[in-house]
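Participant: Here it is, the structure in full.
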Amino acid sequence: MEQPIIQITGLHKYFGQLEVLKGIDLTIQKGEVVVVIGPSGSGKSTLLRCMNFLEVPTRGHVLFKGEEVGQREANGKMVRLPEAVLDKQRTHMGMVFQRFNLFPHMTALQNVIEAPVQVKGMEQGKAEELGRNLLKRVGLAEKAGQYPAFLSGGQQQRVAIARALAMEPDVMLFDEPTSALDPELVGEVLQVMKDLAREGMTMVVVTHEMGFAREVGHRVLFMDGGVVVEEGKPEAIFSNPQHPRTREFLAKVL
Amino acid sequence: MSEFLAHSITIMPALLSALLKTLQLAVISAVLGIPLGLMASLGRISKSRILGLIASGYVTLFRGTPLMLQVLFFWGVFSQLEGFTAALIAFTLNSGAYTAEIMRAAIQSIDKGQMEAARSLGMSYGQAMRRVILPQTYRRLLPPLVNELAALTKDTSLAMVVGVVELMKQSQQFVARTANVAGTYVWAALFYLVMVVALTALANRLEKKLEARG
Amino acid sequence: MKKSSAFLAVILLLSMSLLAACGGTKSGSDDSLDRVKKAGVLKVAIDASYPPMEFIDADGKTYIGFDVDYANALAEKLGVKAEFQNVAWDGILTGLKSGKYDVIISSMNITEERQKEVNFVEYVAMAQNFVSREGFDVKTEADLAGKVVAVQAETTSHMWVDELKATKVKDIKEIKSFPGATDAFLELKNKRADVVVIDEPVARYYAKIDGHKVTGQAMAAEPVGIAIRKEDASLMEALKKAVADTKSDGTFKSLSEKWFGSELGK
């Protein structure tokens, strides 16, 4: 079988005394769209952020394409990998944030091509062509020269997606991408994400948008209290949740 | 009125060359102090404990002791330093320390999501700082930095205790000689005002330029 | 971080001082006189805001005054020229200790405190005078009762008046102190003070330009000296002789008369 894109074993994360992740095991195959749902405080964002080392796991292993991310075990202790190695690993993982985090002092196009030019050393002209194509793909070709301040939330998030895609990542990580959007803008972002899923992108999506999970999700994980309580195909989870906590949660949100 | 004019004409040449000294002290220490402050602020927030301690030590020392003491210290302890140089060193280090704090506050006021986004794209810490974080601080830096530079311009008068005849000392000497208080100090006040106002105007223009970039 | 950075700052400061203190000491032998003669220059520090002892000429730059002329005369006796550095009073002793100049000739009172750090070659004694404004005639310390007195801060006059008010002349109305002699006289001119107590030469200078009168002597003459580093023994000896020469050959007398109208202390 092909090597999984992401493999997580025995992941524990403490913030001070508080244990937020209490032992997670997770494997994500290429092309899979994995949706993570659960109440706030369940640890789902933390889990996602451990995948690209924005949070440092306290214990356990996170492997990306077979390689340990950010730190490795040596003599029973976790040793940080050199920053340059981590930077390189991150170029293969794209992340989309709840609050977009576009660079306000750059235009949409400049946001998109910043990393390819600075990190990959891509030539300016080539990068601009790439950038324009990506913006077209997310439906914002005409906004290339606009500053984020003049874009709606939905437009900003789509630029953010284009920005992440510009690095041609192997996996896209979405951290509640539509939670900060006005309801009428959610649809345009979800559409881009659905298109991406259908094109075969490996995606890990933390979200409350159950419709998205149903339409393009291969697997749904329900998290609560720092553990994966239940997981399965979307239909199974939504129509026939097994665990009482899953049922309780879904009753509230569906 | 004619008495005022006559006195003004007499004192003007010496006053102007003293003004030049003041300007030199202020401009050079500002120009050197800003990059120094930037390095110190980056040192303060860096993950390296050693860098952090050195930078903190420097900033604490030069913000925690009187500027006059710093000026006298360099002049008094290092026998080879002449007054102007000693004053320049003290002003630069002092200005750098205050600038460091201003910059640190500005950098830390940038949303953490910006650094996260940059790093998640694979940018190094240095690239993220240079391309994403620092450019966003420029606008935030201007008001407190202008305050600091205005204060520095006026503080240059301390150089008189190490033998530099700058604007304040030159004025005092004229007053000591002639007892013409108003007619002399009004010019000193005017010159200091012009320097500070010019600085503020320059900063305003810069701020407007930065605003246009969004 | 705060505690350890402050601690580190102290360590930095101390080690810097130690380093500099070690680096700054010269070799043990005293070659001060030779050094000055070889350089052909006696470096003199003054604070040129104290007429008529040391101040600036109308052009704002040339240094003039009794001390300036006297320093030139002494330098001539040593066979060199005097070069002046204008240092505000707060830093003038620091500069001497750190070798920026050879001597201070700036109406510096010889005090026990200062003698712990530097040596002095006495050259004149200056009394403290009363300068009264029109309508007032302060001749003795008793006359200070009920008066507003202005002095230059941190001078022997200041301390003397403070002491008086606390002990013998408790009904001195008010004592106002100022950073500069000029400020004290301005107070007098504006009728916000009735009398100024200050060094005799300065009293005479300002009395003349402002139209007041020197009405009496407050304190007996106190010695004023050339400040010199303790290790510069040979230079000090040469200066002592030079001072004595100016007294015996009439140089001192003619300079006094030029600046004060009569010999000081008489």
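Ordering of the structure tokens sets the chain letters (A, B, ...); residue numbers start at 1 within each chain; ligands are numbered from 1 in the order shown.
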Write out as a ChimeraX atom specification the residues lying within 8 Å of range 194-207 of chain C, counting only C-alpha atoms and excluding same-chain residues fewer than 2 positions away.
Facilitator: /C:50-53,126-133,136,138,147-152,157-158,181,184-185,188,191-192,209-214,218,260,264
Participant: Can you write out as a Markdown table which residues of chain B fall within 9 Å of chain A, alongside each residue's closest atom pair and its distance in Å to one decimal, counting only C-alpha atoms and ordering rows by chain and ascending residue number?
Facilitator:
```
| residue | atom | partner | partner_atom | distance |
| --- | --- | --- | --- | --- |
| B:Asp111 | CA | A:Asn101 | CA | 8.6 |
| B:Gly113 | CA | A:Asn101 | CA | 5.6 |
| B:Gln114 | CA | A:Asn101 | CA | 5.6 |
| B:Met115 | CA | A:Asn101 | CA | 8.8 |
| B:Glu116 | CA | A:Leu54 | CA | 7.1 |
| B:Ala117 | CA | A:Asn101 | CA | 6.2 |
| B:Ala118 | CA | A:Ala115 | CA | 8.0 |
| B:Arg119 | CA | A:Asp87 | CA | 7.1 |
| B:Ser120 | CA | A:Arg90 | CA | 5.7 |
| B:Leu121 | CA | A:Thr91 | CA | 5.5 |
| B:Gly122 | CA | A:Asp87 | CA | 4.4 |
| B:Met123 | CA | A:Val119 | CA | 5.9 |
| B:Ser124 | CA | A:Asp87 | CA | 6.1 |
| B:Tyr125 | CA | A:Glu83 | CA | 8.5 |
| B:Gln127 | CA | A:Gln118 | CA | 7.7 |
| B:Arg131 | CA | A:Glu114 | CA | 8.7 |
| B:Val132 | CA | A:Phe103 | CA | 6.7 |
| B:Ile133 | CA | A:Phe103 | CA | 8.9 |
| B:Pro135 | CA | A:His105 | CA | 7.6 |
| B:Gln136 | CA | A:His105 | CA | 6.8 |
| B:Arg213 | CA | A:His105 | CA | 6.5 |
| B:Gly214 | CA | A:His105 | CA | 5.7 |
```
Participant: Show me, as a list in words, the residues that have an atom within 8 Å of range 244-249 of chain A when counting only C-alpha atoms, minus same-chain residues fewer than 6 positions from it.
Facilitator: Gly38, Pro39, Phe222, Val229 and Glu230 of chain A
Participant: Output as a count of residues only all residues of range 61-142 of chain A that backbone DSSP marks as helix (DSSP H, G or I).
Facilitator: 35
Participant: Between CA of Phe174 in chain A and CA of Gln155 in chain A, what is the spacing in Å?
Facilitator: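 For CA of Gln155 in chain A relative to CA of Phe174 in chain A, the distance reads 15.9 Å.
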Participant: Please identify all residues of chain B having at least one atom at most 9 Å from any atom of chain C, considering only C-alpha atoms, and return them as a PyMOL selection string.
Facilitator: chain B and resi 10-15+52-62+72-73+75-83+159-165+169-179+181
Participant: To one decimal in Å, tell me the separation between CA of Gln157 in chain A and CA of Val189 in chain A.
Facilitator: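 That distance, rounded to one decimal, is 6.9 Å.
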Participant: Do you know which residues are at most 12 Å from Val194 in chain B counting only C-alpha atoms, after dropping those on the same chain fewer than 5 positions away, and could you put them as number ranges by chain?
Facilitator: B: 19, 23, 150, 153-154, 187-189, 199-201
Participant: Please produce an output containing N, CA, C and O atoms for each residue in the selection, written as a PDB file, in the first residue's frame.
Facilitator:
```pdb
ATOM      1  N   LEU B  19      24.173  75.319  17.008  1.00  0.00           N
ATOM      2  CA  LEU B  19      23.020  74.576  16.504  1.00  0.00           C
ATOM      3  C   LEU B  19      23.480  73.406  15.638  1.00  0.00           C
ATOM      4  O   LEU B  19      22.946  72.297  15.715  1.00  0.00           O
ATOM      5  N   LEU B  23      22.561  69.498  16.014  1.00  0.00           N
ATOM      6  CA  LEU B  23      22.019  68.701  14.914  1.00  0.00           C
ATOM      7  C   LEU B  23      22.873  67.460  14.661  1.00  0.00           C
ATOM      8  O   LEU B  23      22.357  66.367  14.494  1.00  0.00           O
ATOM      9  N   ALA B 150      12.415  63.225  19.211  1.00  0.00           N
ATOM     10  CA  ALA B 150      12.238  64.604  19.661  1.00  0.00           C
ATOM     11  C   ALA B 150      12.896  64.784  21.019  1.00  0.00           C
ATOM     12  O   ALA B 150      13.595  65.777  21.263  1.00  0.00           O
ATOM     13  N   THR B 153      16.633  64.902  20.611  1.00  0.00           N
ATOM     14  CA  THR B 153      17.089  66.193  20.099  1.00  0.00           C
ATOM     15  C   THR B 153      17.272  67.185  21.240  1.00  0.00           C
ATOM     16  O   THR B 153      18.255  67.913  21.299  1.00  0.00           O
ATOM     17  N   LYS B 154      16.319  67.191  22.171  1.00  0.00           N
ATOM     18  CA  LYS B 154      16.419  68.122  23.290  1.00  0.00           C
ATOM     19  C   LYS B 154      17.457  67.660  24.307  1.00  0.00           C
ATOM     20  O   LYS B 154      18.147  68.469  24.909  1.00  0.00           O
ATOM     21  N   TRP B 187      15.766  82.661  20.930  1.00  0.00           N
ATOM     22  CA  TRP B 187      16.354  82.044  19.737  1.00  0.00           C
ATOM     23  C   TRP B 187      16.626  80.563  19.958  1.00  0.00           C
ATOM     24  O   TRP B 187      16.361  79.738  19.080  1.00  0.00           O
ATOM     25  N   ALA B 188      17.158  80.216  21.125  1.00  0.00           N
ATOM     26  CA  ALA B 188      17.402  78.796  21.421  1.00  0.00           C
ATOM     27  C   ALA B 188      16.093  78.021  21.331  1.00  0.00           C
ATOM     28  O   ALA B 188      16.013  76.958  20.707  1.00  0.00           O
ATOM     29  N   ALA B 189      15.040  78.612  21.964  1.00  0.00           N
ATOM     30  CA  ALA B 189      13.744  77.949  21.943  1.00  0.00           C
ATOM     31  C   ALA B 189      13.260  77.765  20.513  1.00  0.00           C
ATOM     32  O   ALA B 189      12.800  76.687  20.121  1.00  0.00           O
ATOM     33  N   LEU B 199      10.917  67.433  12.362  1.00  0.00           N
ATOM     34  CA  LEU B 199      10.903  65.978  12.565  1.00  0.00           C
ATOM     35  C   LEU B 199       9.479  65.446  12.515  1.00  0.00           C
ATOM     36  O   LEU B 199       9.188  64.458  11.843  1.00  0.00           O
ATOM     37  N   THR B 200       8.577  66.129  13.230  1.00  0.00           N
ATOM     38  CA  THR B 200       7.179  65.702  13.269  1.00  0.00           C
ATOM     39  C   THR B 200       6.549  65.764  11.885  1.00  0.00           C
ATOM     40  O   THR B 200       5.822  64.853  11.480  1.00  0.00           O
ATOM     41  N   ALA B 201       6.853  66.833  11.149  1.00  0.00           N
ATOM     42  CA  ALA B 201       6.292  66.979   9.805  1.00  0.00           C
ATOM     43  C   ALA B 201       6.770  65.859   8.891  1.00  0.00           C
ATOM     44  O   ALA B 201       5.999  65.271   8.135  1.00  0.00           O
TER      45      ALA B 201
END
```
Participant: Restricting the calculation to only C-alpha atoms: of A:Met78, A:Val192, A:Ile113, A:Val56, which residue gets closest to His12 in chain A?
Facilitator: A:Val56
Participant: Write out as a VMD selection string each polymer residue whose atoms come within 6 Å of range 34-48 of chain B, counting only C-alpha atoms; drop sequence neighbours fewer than 5 positions from it.
Facilitator: chain B and resid 55 96 to 97 99 to 100 104
Participant: Just list the residues in range 56-246 of chain C DSSP gives strand (DSSP E) on the backbone, as a VMD selection string.
Facilitator: chain C and resid 56 63 to 64 81 to 86 103 to 109 118 to 132 148 to 152 174 to 178 195 to 199 213 to 229
Participant: Can you list, as a list in words, every protein, DNA or RNA residue that comes within 12 Å of Ala151 in chain B when you count only C-alpha atoms, leaving out same-chain residues fewer than 3 positions away?
Facilitator: Ala26, Ala30, Leu67, Phe91, Asn94, Ser95, Tyr98, Thr99, Pro144, Leu145, Val146, Asn147, Glu148, Lys154, Asp155, Thr156, Ser157, Leu158, Tyr192, Leu193, Met195, Val196, Leu199 and Thr200 of chain B
Participant: So that I can see what lies close to range 19-23 of chain A, please list as a PDB file with N, CA, C and O atoms, in the first residue's frame the residues with an atom at most 7 Å from it, counting only C-alpha atoms and leaving out residues fewer than 3 positions away in the same chain.
Facilitator:
```
ATOM      1  N   GLY A  10      -0.038   7.978  19.059  1.00  0.00           N
ATOM      2  CA  GLY A  10       0.117   8.309  20.485  1.00  0.00           C
ATOM      3  C   GLY A  10       0.327   9.788  20.759  1.00  0.00           C
ATOM      4  O   GLY A  10       1.118  10.168  21.615  1.00  0.00           O
ATOM      5  N   LEU A  11      -0.391  10.641  20.055  1.00  0.00           N
ATOM      6  CA  LEU A  11      -0.176  12.093  20.199  1.00  0.00           C
ATOM      7  C   LEU A  11      -0.814  12.634  21.480  1.00  0.00           C
ATOM      8  O   LEU A  11      -2.004  12.526  21.700  1.00  0.00           O
ATOM      9  N   HIS A  12       0.030  13.195  22.333  1.00  0.00           N
ATOM     10  CA  HIS A  12      -0.437  13.883  23.536  1.00  0.00           C
ATOM     11  C   HIS A  12       0.036  15.318  23.482  1.00  0.00           C
ATOM     12  O   HIS A  12       1.166  15.593  23.086  1.00  0.00           O
ATOM     13  N   LYS A  13      -0.867  16.230  23.909  1.00  0.00           N
ATOM     14  CA  LYS A  13      -0.438  17.637  23.970  1.00  0.00           C
ATOM     15  C   LYS A  13      -0.925  18.241  25.277  1.00  0.00           C
ATOM     16  O   LYS A  13      -2.112  18.183  25.596  1.00  0.00           O
ATOM     17  N   TYR A  14       0.007  18.808  26.022  1.00  0.00           N
ATOM     18  CA  TYR A  14      -0.323  19.519  27.259  1.00  0.00           C
ATOM     19  C   TYR A  14      -0.095  21.004  27.042  1.00  0.00           C
ATOM     20  O   TYR A  14       0.901  21.417  26.462  1.00  0.00           O
ATOM     21  N   PHE A  15      -1.031  21.812  27.525  1.00  0.00           N
ATOM     22  CA  PHE A  15      -0.755  23.244  27.656  1.00  0.00           C
ATOM     23  C   PHE A  15      -0.582  23.483  29.150  1.00  0.00           C
ATOM     24  O   PHE A  15      -1.553  23.583  29.883  1.00  0.00           O
ATOM     25  N   GLY A  43     -10.150  19.880  21.201  1.00  0.00           N
ATOM     26  CA  GLY A  43      -8.768  19.640  20.776  1.00  0.00           C
ATOM     27  C   GLY A  43      -8.599  19.517  19.290  1.00  0.00           C
ATOM     28  O   GLY A  43      -7.510  19.213  18.814  1.00  0.00           O
ATOM     29  N   GLY A 226     -10.432  15.735  23.951  1.00  0.00           N
ATOM     30  CA  GLY A 226      -9.054  15.365  23.648  1.00  0.00           C
ATOM     31  C   GLY A 226      -8.881  13.981  23.052  1.00  0.00           C
ATOM     32  O   GLY A 226      -7.751  13.519  22.859  1.00  0.00           O
ATOM     33  N   VAL A 227      -9.940  13.291  22.767  1.00  0.00           N
ATOM     34  CA  VAL A 227      -9.810  11.977  22.121  1.00  0.00           C
ATOM     35  C   VAL A 227     -10.761  11.889  20.923  1.00  0.00           C
ATOM     36  O   VAL A 227     -11.739  12.616  20.830  1.00  0.00           O
TER      37      VAL A 227
END
```
Participant: Could you please determine the separation between CA of Ile8 in chain A and CA of Val228 in chain A in Å, to one decimal place?
Facilitator: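 Distance reported for this atom pair: 12.4 Å.
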